Amino acid sequence: MQSHSEENYLKAIFELSGLGKNPVSTNALAKTLEAKAPSVTEMVKKLSEKGLVTYEKYQGCILTDKGSAMALQVIRKHRLWEVFLVKKLGMGWEEVHEIAEQLEHIRSEALINKLEVYLGFPKYDPHGEPIPDKHGHIEQIDLLRLCDVEVNSFATIKSVADDSEDFLKFLDEEGIFLGSVVHIIRLNPHDGSLKIKVNHQKSMYISRNTAEKIYVKTDE
């Protein structure tokens, strides 16, 4: 049984590594977890001793099969709880991340399996991220960042890479949601900002930073 802190590290390594495939630096982990570098190195070494990661100094760390399986179970619980909070308790998508951070450490596998059944086996969380199944299988989604879509193209928003309250509130205020159809009208070559039209109605400008965090599927 892993501690809450260890589970947080495993989840962060998985998410930073691109589905557990690429090495993650201790600096990247420190930034994501808002921890000091020496503490991160110490924890990574501890996880390595438990056979959950492989770690080489200056090369970063990568999850073992055992570590990846544990990370996926934490992610599964987190995303199922987010669905529950939004769909069953009526909370906004901007409210649920911090609460799910606490609920993801519940140990009962039976409870999580029943939760999945109760929710109707959802495939995605409220932010468009795929939910691993109980066997640890996770869907690979082939999406583009909005900033990489060609001008005069149409695309449908499928997920967002930032689940912070401020970012999601901004999207709410602008009427940008999962499933919204976006028409890319103009790219500003000076700063990379985009002029877009949402759902064939509202035109607006968004920054490149915002467009980098919105993932879409282009209409074919």
# chains A, B, ... in the order shown; residues from 1 in each chain; ligands from 1
>>> residues_around(residues="Thr26 (chain A)", least_positions_apart="6", cutoff="9 Å", atoms="only C-alpha atoms", output="list in words")
Ala37, Pro38, Val40, Thr41, Val44, Tyr58, Gly60 and Cys61 of chain A
>>> write_last_selection(atoms="N, CA, C and O atoms", output="PDB file, in the first residue's frame")
ATOM      1  N   ALA A  37      13.432  20.463  -4.994  1.00  0.00           N
ATOM      2  CA  ALA A  37      14.157  19.451  -5.764  1.00  0.00           C
ATOM      3  C   ALA A  37      14.757  18.333  -4.906  1.00  0.00           C
ATOM      4  O   ALA A  37      14.640  17.150  -5.270  1.00  0.00           O
ATOM      5  N   PRO A  38      15.407  18.638  -3.770  1.00  0.00           N
ATOM      6  CA  PRO A  38      15.964  17.546  -2.953  1.00  0.00           C
ATOM      7  C   PRO A  38      14.898  16.575  -2.449  1.00  0.00           C
ATOM      8  O   PRO A  38      15.131  15.360  -2.397  1.00  0.00           O
ATOM      9  N   VAL A  40      12.074  15.899  -3.973  1.00  0.00           N
ATOM     10  CA  VAL A  40      11.636  15.116  -5.126  1.00  0.00           C
ATOM     11  C   VAL A  40      12.620  13.984  -5.406  1.00  0.00           C
ATOM     12  O   VAL A  40      12.222  12.831  -5.633  1.00  0.00           O
ATOM     13  N   THR A  41      13.895  14.312  -5.397  1.00  0.00           N
ATOM     14  CA  THR A  41      14.921  13.289  -5.648  1.00  0.00           C
ATOM     15  C   THR A  41      14.838  12.172  -4.607  1.00  0.00           C
ATOM     16  O   THR A  41      14.930  10.981  -4.944  1.00  0.00           O
ATOM     17  N   VAL A  44      11.771  10.010  -5.404  1.00  0.00           N
ATOM     18  CA  VAL A  44      11.984   9.200  -6.604  1.00  0.00           C
ATOM     19  C   VAL A  44      12.884   8.008  -6.283  1.00  0.00           C
ATOM     20  O   VAL A  44      12.644   6.879  -6.748  1.00  0.00           O
ATOM     21  N   TYR A  58      20.417  12.566 -13.633  1.00  0.00           N
ATOM     22  CA  TYR A  58      20.510  13.401 -14.840  1.00  0.00           C
ATOM     23  C   TYR A  58      19.721  12.838 -16.023  1.00  0.00           C
ATOM     24  O   TYR A  58      19.642  13.482 -17.065  1.00  0.00           O
ATOM     25  N   GLY A  60      16.508  11.346 -15.418  1.00  0.00           N
ATOM     26  CA  GLY A  60      15.099  11.354 -15.035  1.00  0.00           C
ATOM     27  C   GLY A  60      14.603   9.979 -14.620  1.00  0.00           C
ATOM     28  O   GLY A  60      15.377   9.040 -14.446  1.00  0.00           O
ATOM     29  N   CYS A  61      13.299   9.872 -14.482  1.00  0.00           N
ATOM     30  CA  CYS A  61      12.701   8.610 -14.046  1.00  0.00           C
ATOM     31  C   CYS A  61      11.569   8.217 -14.987  1.00  0.00           C
ATOM     32  O   CYS A  61      10.991   9.062 -15.682  1.00  0.00           O
TER      33      CYS A  61
END
>>> residues_around(residues="Trp81 (chain A)", least_positions_apart="3", cutoff="9 Å", atoms="only C-alpha atoms", output="VMD selection string")
chain A and resid 76 to 78 84 to 86 96 99 to 100 103 to 104 112 115 125
>>> select_by_dssp(residues="region 116-217 of chain A", states="helix (DSSP H, G or I)", output="PDB file with C-alpha atoms, in the first residue's frame")
ATOM      1  CA  GLU A 116     -18.254   3.224 -12.395  1.00  0.00           C
ATOM      2  CA  VAL A 117     -21.389   1.097 -12.825  1.00  0.00           C
ATOM      3  CA  TYR A 118     -23.548   3.751 -11.141  1.00  0.00           C
ATOM      4  CA  LEU A 146      -6.262  24.562 -31.069  1.00  0.00           C
ATOM      5  CA  CYS A 147      -3.180  26.679 -31.792  1.00  0.00           C
ATOM      6  CA  ASP A 148      -2.065  24.094 -34.388  1.00  0.00           C
ATOM      7  CA  GLU A 165     -10.431  27.057 -11.535  1.00  0.00           C
ATOM      8  CA  ASP A 166      -9.310  30.329 -13.153  1.00  0.00           C
ATOM      9  CA  PHE A 167      -8.856  28.800 -16.611  1.00  0.00           C
ATOM     10  CA  LEU A 168     -12.159  26.915 -16.600  1.00  0.00           C
ATOM     11  CA  LYS A 169     -14.048  29.956 -15.313  1.00  0.00           C
ATOM     12  CA  PHE A 170     -12.581  31.960 -18.186  1.00  0.00           C
ATOM     13  CA  LEU A 171     -13.828  29.385 -20.682  1.00  0.00           C
ATOM     14  CA  ASP A 172     -17.261  29.409 -19.017  1.00  0.00           C
ATOM     15  CA  GLU A 173     -17.447  33.185 -19.252  1.00  0.00           C
ATOM     16  CA  GLU A 174     -16.553  33.059 -22.952  1.00  0.00           C
ATOM     17  CA  ARG A 208      -1.769  31.503 -27.810  1.00  0.00           C
ATOM     18  CA  ASN A 209      -1.342  30.337 -24.212  1.00  0.00           C
ATOM     19  CA  THR A 210      -5.069  29.616 -24.042  1.00  0.00           C
ATOM     20  CA  ALA A 211      -5.128  27.949 -27.465  1.00  0.00           C
ATOM     21  CA  GLU A 212      -2.272  25.649 -26.411  1.00  0.00           C
TER      22      GLU A 212
END
>>> residues_around(residues="Ser25 (chain A)", least_positions_apart="3", cutoff="10 Å", atoms="only C-alpha atoms", output="number ranges by chain")
A: 13, 16-17, 22, 28-30, 40-41, 55-62
>>> atom_distance(atom1="CA of Arg79 (chain A)", atom2="CA of Ile131 (chain A)")
6.1 Å
>>> residues_around(residues="Ile185 (chain A)", least_positions_apart="5", cutoff="9 Å", atoms="only C-alpha atoms", output="NGL selection string")
:A and (151-153 or 194-197 or 203)
>>> closest_residue(among="A:Val149, A:Leu63, A:Ile214, A:Leu52", to="Gly179 (chain A)", atoms="only C-alpha atoms")
A:Ile214
>>> select_by_dssp(residues="region 4-175 of chain A", states="strand (DSSP E or B)", output="NGL selection string")
:A and (24 or 53-56 or 60-63 or 124 or 130 or 144-145 or 154-160)
>>> closest_residue(among="A:Arg145, A:Glu6, A:Glu94, A:Val198", to="Lys45 (chain A)", atoms="only C-alpha atoms")
A:Glu6
>>> decode(residues="region 124-139 of chain A", atoms="all heavy atoms", output="mmCIF file, in the first residue's frame")
data_model
loop_
_atom_site.group_PDB
_atom_site.id
_atom_site.type_symbol
_atom_site.label_atom_id
_atom_site.label_comp_id
_atom_site.auth_asym_id
_atom_site.auth_seq_id
_atom_site.Cartn_x
_atom_site.Cartn_y
_atom_site.Cartn_z
ATOM 1 N N TYR A 124 -15.046 9.414 -20.455
ATOM 2 C CA TYR A 124 -14.240 10.622 -20.301
ATOM 3 C C TYR A 124 -14.669 11.379 -19.049
ATOM 4 O O TYR A 124 -15.828 11.322 -18.639
ATOM 5 C CB TYR A 124 -14.401 11.539 -21.527
ATOM 6 C CG TYR A 124 -14.041 10.866 -22.822
ATOM 7 C CD1 TYR A 124 -15.015 10.279 -23.611
ATOM 8 C CD2 TYR A 124 -12.717 10.806 -23.244
ATOM 9 C CE1 TYR A 124 -14.691 9.645 -24.797
ATOM 10 C CE2 TYR A 124 -12.382 10.172 -24.428
ATOM 11 C CZ TYR A 124 -13.364 9.598 -25.197
ATOM 12 O OH TYR A 124 -13.038 8.961 -26.372
ATOM 13 N N ASP A 125 -13.721 12.130 -18.475
ATOM 14 C CA ASP A 125 -14.060 12.963 -17.325
ATOM 15 C C ASP A 125 -14.618 14.309 -17.809
ATOM 16 O O ASP A 125 -14.698 14.553 -19.022
ATOM 17 C CB ASP A 125 -12.841 13.113 -16.399
ATOM 18 C CG ASP A 125 -11.771 14.054 -16.950
ATOM 19 O OD1 ASP A 125 -11.998 14.730 -17.973
ATOM 20 O OD2 ASP A 125 -10.688 14.115 -16.340
ATOM 21 N N PRO A 126 -15.044 15.200 -16.921
ATOM 22 C CA PRO A 126 -15.660 16.458 -17.356
ATOM 23 C C PRO A 126 -14.733 17.378 -18.138
ATOM 24 O O PRO A 126 -15.190 18.333 -18.767
ATOM 25 C CB PRO A 126 -16.072 17.111 -16.029
ATOM 26 C CG PRO A 126 -16.222 15.982 -15.074
ATOM 27 C CD PRO A 126 -15.159 15.004 -15.466
ATOM 28 N N HIS A 127 -13.428 17.103 -18.113
ATOM 29 C CA HIS A 127 -12.469 17.923 -18.851
ATOM 30 C C HIS A 127 -12.034 17.260 -20.158
ATOM 31 O O HIS A 127 -11.137 17.749 -20.841
ATOM 32 C CB HIS A 127 -11.255 18.217 -17.973
ATOM 33 C CG HIS A 127 -11.616 18.732 -16.624
ATOM 34 N ND1 HIS A 127 -11.426 18.016 -15.470
ATOM 35 C CD2 HIS A 127 -12.219 19.891 -16.247
ATOM 36 C CE1 HIS A 127 -11.871 18.707 -14.436
ATOM 37 N NE2 HIS A 127 -12.360 19.851 -14.881
ATOM 38 N N GLY A 128 -12.694 16.123 -20.473
ATOM 39 C CA GLY A 128 -12.418 15.450 -21.737
ATOM 40 C C GLY A 128 -11.284 14.449 -21.691
ATOM 41 O O GLY A 128 -10.890 13.904 -22.738
ATOM 42 N N GLU A 129 -10.759 14.152 -20.497
ATOM 43 C CA GLU A 129 -9.664 13.190 -20.374
ATOM 44 C C GLU A 129 -10.232 11.765 -20.297
ATOM 45 O O GLU A 129 -11.235 11.531 -19.619
ATOM 46 C CB GLU A 129 -8.838 13.479 -19.129
ATOM 47 C CG GLU A 129 -8.121 14.817 -19.159
ATOM 48 C CD GLU A 129 -7.004 14.858 -20.182
ATOM 49 O OE1 GLU A 129 -6.546 13.775 -20.615
ATOM 50 O OE2 GLU A 129 -6.592 15.963 -20.569
ATOM 51 N N PRO A 130 -9.591 10.801 -20.970
ATOM 52 C CA PRO A 130 -10.101 9.422 -20.940
ATOM 53 C C PRO A 130 -9.948 8.791 -19.568
ATOM 54 O O PRO A 130 -8.973 9.044 -18.851
ATOM 55 C CB PRO A 130 -9.230 8.703 -21.980
ATOM 56 C CG PRO A 130 -7.961 9.501 -22.018
ATOM 57 C CD PRO A 130 -8.373 10.926 -21.791
ATOM 58 N N ILE A 131 -10.908 7.965 -19.187
ATOM 59 C CA ILE A 131 -10.901 7.296 -17.887
ATOM 60 C C ILE A 131 -10.391 5.869 -18.067
ATOM 61 O O ILE A 131 -10.982 5.093 -18.830
ATOM 62 C CB ILE A 131 -12.319 7.277 -17.277
ATOM 63 C CG1 ILE A 131 -12.823 8.712 -17.081
ATOM 64 C CG2 ILE A 131 -12.325 6.513 -15.954
ATOM 65 C CD1 ILE A 131 -14.276 8.794 -16.653
ATOM 66 N N PRO A 132 -9.307 5.492 -17.395
ATOM 67 C CA PRO A 132 -8.834 4.100 -17.488
ATOM 68 C C PRO A 132 -9.892 3.135 -16.970
ATOM 69 O O PRO A 132 -10.622 3.450 -16.032
ATOM 70 C CB PRO A 132 -7.598 4.093 -16.573
ATOM 71 C CG PRO A 132 -7.195 5.525 -16.429
ATOM 72 C CD PRO A 132 -8.461 6.319 -16.515
ATOM 73 N N ASP A 133 -9.981 1.948 -17.581
ATOM 74 C CA ASP A 133 -10.911 0.955 -17.056
ATOM 75 C C ASP A 133 -10.262 0.215 -15.890
ATOM 76 O O ASP A 133 -9.118 0.492 -15.516
ATOM 77 C CB ASP A 133 -11.386 0.001 -18.156
ATOM 78 C CG ASP A 133 -10.279 -0.895 -18.707
ATOM 79 O OD1 ASP A 133 -9.230 -1.067 -18.039
ATOM 80 O OD2 ASP A 133 -10.451 -1.432 -19.810
ATOM 81 N N LYS A 134 -10.983 -0.725 -15.302
ATOM 82 C CA LYS A 134 -10.481 -1.385 -14.096
ATOM 83 C C LYS A 134 -9.258 -2.250 -14.360
ATOM 84 O O LYS A 134 -8.562 -2.650 -13.427
ATOM 85 C CB LYS A 134 -11.588 -2.215 -13.449
ATOM 86 C CG LYS A 134 -12.087 -3.378 -14.281
ATOM 87 C CD LYS A 134 -13.207 -4.100 -13.532
ATOM 88 C CE LYS A 134 -13.742 -5.291 -14.324
ATOM 89 N NZ LYS A 134 -14.837 -5.970 -13.588
ATOM 90 N N HIS A 135 -8.987 -2.527 -15.641
ATOM 91 C CA HIS A 135 -7.807 -3.307 -16.003
ATOM 92 C C HIS A 135 -6.606 -2.410 -16.334
ATOM 93 O O HIS A 135 -5.536 -2.912 -16.676
ATOM 94 C CB HIS A 135 -8.109 -4.210 -17.194
ATOM 95 C CG HIS A 135 -9.275 -5.126 -16.978
ATOM 96 N ND1 HIS A 135 -9.260 -6.146 -16.043
ATOM 97 C CD2 HIS A 135 -10.505 -5.161 -17.564
ATOM 98 C CE1 HIS A 135 -10.420 -6.775 -16.059
ATOM 99 N NE2 HIS A 135 -11.189 -6.202 -16.968
ATOM 100 N N GLY A 136 -6.822 -1.094 -16.254
ATOM 101 C CA GLY A 136 -5.734 -0.169 -16.532
ATOM 102 C C GLY A 136 -5.598 0.225 -17.983
ATOM 103 O O GLY A 136 -4.636 0.904 -18.363
ATOM 104 N N HIS A 137 -6.563 -0.162 -18.817
ATOM 105 C CA HIS A 137 -6.529 0.239 -20.222
ATOM 106 C C HIS A 137 -7.035 1.678 -20.349
ATOM 107 O O HIS A 137 -8.058 2.035 -19.761
ATOM 108 C CB HIS A 137 -7.392 -0.690 -21.081
ATOM 109 C CG HIS A 137 -6.957 -2.119 -21.022
ATOM 110 N ND1 HIS A 137 -7.846 -3.169 -20.949
ATOM 111 C CD2 HIS A 137 -5.722 -2.678 -21.010
ATOM 112 C CE1 HIS A 137 -7.184 -4.306 -20.912
ATOM 113 N NE2 HIS A 137 -5.897 -4.037 -20.926
ATOM 114 N N ILE A 138 -6.319 2.483 -21.110
ATOM 115 C CA ILE A 138 -6.721 3.873 -21.296
ATOM 116 C C ILE A 138 -6.717 4.198 -22.781
ATOM 117 O O ILE A 138 -5.801 3.805 -23.517
ATOM 118 C CB ILE A 138 -5.789 4.835 -20.515
ATOM 119 C CG1 ILE A 138 -6.309 6.273 -20.567
ATOM 120 C CG2 ILE A 138 -4.348 4.742 -21.004
ATOM 121 C CD1 ILE A 138 -5.613 7.207 -19.602
ATOM 122 N N GLU A 139 -7.743 4.865 -23.228
ATOM 123 C CA GLU A 139 -7.895 5.165 -24.652
ATOM 124 C C GLU A 139 -6.877 6.214 -25.090
ATOM 125 O O GLU A 139 -6.643 7.201 -24.407
ATOM 126 C CB GLU A 139 -9.310 5.686 -24.927
ATOM 127 C CG GLU A 139 -9.588 5.964 -26.386
ATOM 128 C CD GLU A 139 -11.020 6.428 -26.628
ATOM 129 O OE1 GLU A 139 -11.811 6.381 -25.676
ATOM 130 O OE2 GLU A 139 -11.317 6.840 -27.761
#
